[in-house]
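Student: I have a structure I would like to understand better, so I am pasting it below and will then ask my questions one at a time.
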Amino acid sequence: FLAGTAQGPKDVPDTVAHAGASASMALALLDKGEVTISPQTAVVDEKLCSGCKTCISLCPYTAISFIEEKNVARVNEALCKGCGTCAAACPSGAIMARHFTDQQIMAQIEGLFRVLESETVEAGR
């Protein structure tokens, strides 16, 4: 949580108010005992990653780091929100949104066409 001058220039009363709000939001999460995160995150296929670092500069959540030893990108799934920006921009196609592979999307589209086709046939009867 950002508070006070971490968000921008503020005076002391604003900083104190933001600190209190941030503390209460953090406490609310701790009181729950658990935090739910989305399973829709990006994943890097290291065999396809060219090491161009395009994804790193585009990630709005700074969830992607570069592993120098392997010359590949790696996604921190705890930080990733699954927005798909990196997957859309990856020139080598090495990044995919988990649960949104090309095959899964094509299966969804084909399923939709089957439903529409059967509705059209039933409407024509």
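The way I read the labels, and the way they are meant: chains A, B, ... in the order of the structure tokens, residue 1 as the first residue of every chain, and ligand 1 as the first ligand shown, with later ones counted on from there.
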Excluding segment 46-55 of chain A and any residue of its chain fewer than 3 positions from it, enumerate the residues within 12 Å of it, using only C-alpha atoms, and give them as number ranges by chain.
Tutor: A: 42-43, 58-75, 84-96
Student: Could you write those residues out with C-alpha atoms, as a PDB file, in the first residue's frame?
Tutor:
ATOM      1  CA  ALA A  42       1.319 -15.141 -17.435  1.00  0.00           C
ATOM      2  CA  VAL A  43       3.839 -17.910 -17.933  1.00  0.00           C
ATOM      3  CA  LEU A  58       5.596  -3.222 -20.641  1.00  0.00           C
ATOM      4  CA  CYS A  59       4.414  -5.009 -17.485  1.00  0.00           C
ATOM      5  CA  PRO A  60       2.306  -2.533 -15.470  1.00  0.00           C
ATOM      6  CA  TYR A  61       2.778  -4.616 -12.295  1.00  0.00           C
ATOM      7  CA  THR A  62       6.584  -5.099 -12.527  1.00  0.00           C
ATOM      8  CA  ALA A  63       5.913  -8.818 -12.279  1.00  0.00           C
ATOM      9  CA  ILE A  64       8.537  -9.865 -14.836  1.00  0.00           C
ATOM     10  CA  SER A  65      12.234 -10.159 -14.153  1.00  0.00           C
ATOM     11  CA  PHE A  66      15.138 -11.221 -16.324  1.00  0.00           C
ATOM     12  CA  ILE A  67      17.256 -14.260 -15.471  1.00  0.00           C
ATOM     13  CA  GLU A  68      20.728 -13.389 -16.786  1.00  0.00           C
ATOM     14  CA  GLU A  69      22.106 -16.941 -16.443  1.00  0.00           C
ATOM     15  CA  LYS A  70      19.420 -18.354 -18.736  1.00  0.00           C
ATOM     16  CA  ASN A  71      18.840 -15.186 -20.808  1.00  0.00           C
ATOM     17  CA  VAL A  72      15.071 -15.510 -20.316  1.00  0.00           C
ATOM     18  CA  ALA A  73      12.225 -13.633 -18.670  1.00  0.00           C
ATOM     19  CA  ARG A  74      10.449 -15.021 -15.615  1.00  0.00           C
ATOM     20  CA  VAL A  75       7.032 -14.055 -14.248  1.00  0.00           C
ATOM     21  CA  GLY A  84      -2.048 -10.122 -20.857  1.00  0.00           C
ATOM     22  CA  THR A  85      -0.049  -7.059 -21.906  1.00  0.00           C
ATOM     23  CA  CYS A  86       3.181  -9.045 -21.977  1.00  0.00           C
ATOM     24  CA  ALA A  87       1.645 -11.954 -23.895  1.00  0.00           C
ATOM     25  CA  ALA A  88       0.240  -9.636 -26.552  1.00  0.00           C
ATOM     26  CA  ALA A  89       3.569  -7.856 -27.020  1.00  0.00           C
ATOM     27  CA  CYS A  90       5.962 -10.820 -26.943  1.00  0.00           C
ATOM     28  CA  PRO A  91       7.565 -10.967 -30.413  1.00  0.00           C
ATOM     29  CA  SER A  92       8.594 -14.614 -30.037  1.00  0.00           C
ATOM     30  CA  GLY A  93       5.276 -15.786 -28.574  1.00  0.00           C
ATOM     31  CA  ALA A  94       7.046 -17.094 -25.476  1.00  0.00           C
ATOM     32  CA  ILE A  95       4.576 -15.628 -22.982  1.00  0.00           C
ATOM     33  CA  MET A  96       1.058 -16.952 -22.623  1.00  0.00           C
TER      34      MET A  96
END
Student: Write out as a PyMOL selection string which residues come within 12 Å of Ala21 of chain A when counting only C-alpha atoms, dropping same-chain ones fewer than 6 positions away.
Tutor: chain A and resi 1-4+14-15+27-28
Student: Restrict the selected residues to C-alpha atoms and save them as a tab-separated table (two decimals), in the first residue's frame.
Tutor:
chain	number	residue	atom	x	y	z
A	1	PHE	CA	0.00	0.00	0.00
A	2	LEU	CA	1.26	3.45	-0.88
A	3	ALA	CA	0.89	6.27	1.59
A	4	GLY	CA	1.98	9.84	2.01
A	14	ASP	CA	-2.27	14.30	4.39
A	15	THR	CA	0.65	11.93	4.95
A	27	LEU	CA	-5.10	-4.88	8.79
A	28	ALA	CA	-8.30	-5.79	6.95
Student: Residues of segment 34-71 of chain A classed as strand (DSSP E) by DSSP on the backbone are to be reported as a ChimeraX atom specification.
Tutor: /A:42-44,64-67
Student: For atom CA of Gln104 of chain A and atom CA of Thr41 of chain A, quote the distance in Å rounded to one decimal.
Tutor: 14.9 Å
Student: To test your reading of the structure, identify every residue in chain A that backbone DSSP assigns to helix (DSSP H, G or I), and report it as a PyMOL selection string.
Tutor: chain A and resi 4-6+12-32+54-58+85-89+102-124
Student: Take atom CA of Val44 of chain A and atom CA of Gly82 of chain A and report the distance between them in Å, one decimal.
Tutor: 12.6 Å
Student: Grab the atom CA of Gln7 of chain A to atom CA of Ala19 of chain A distance for me, in Å with one decimal place.
Tutor: 11.2 Å
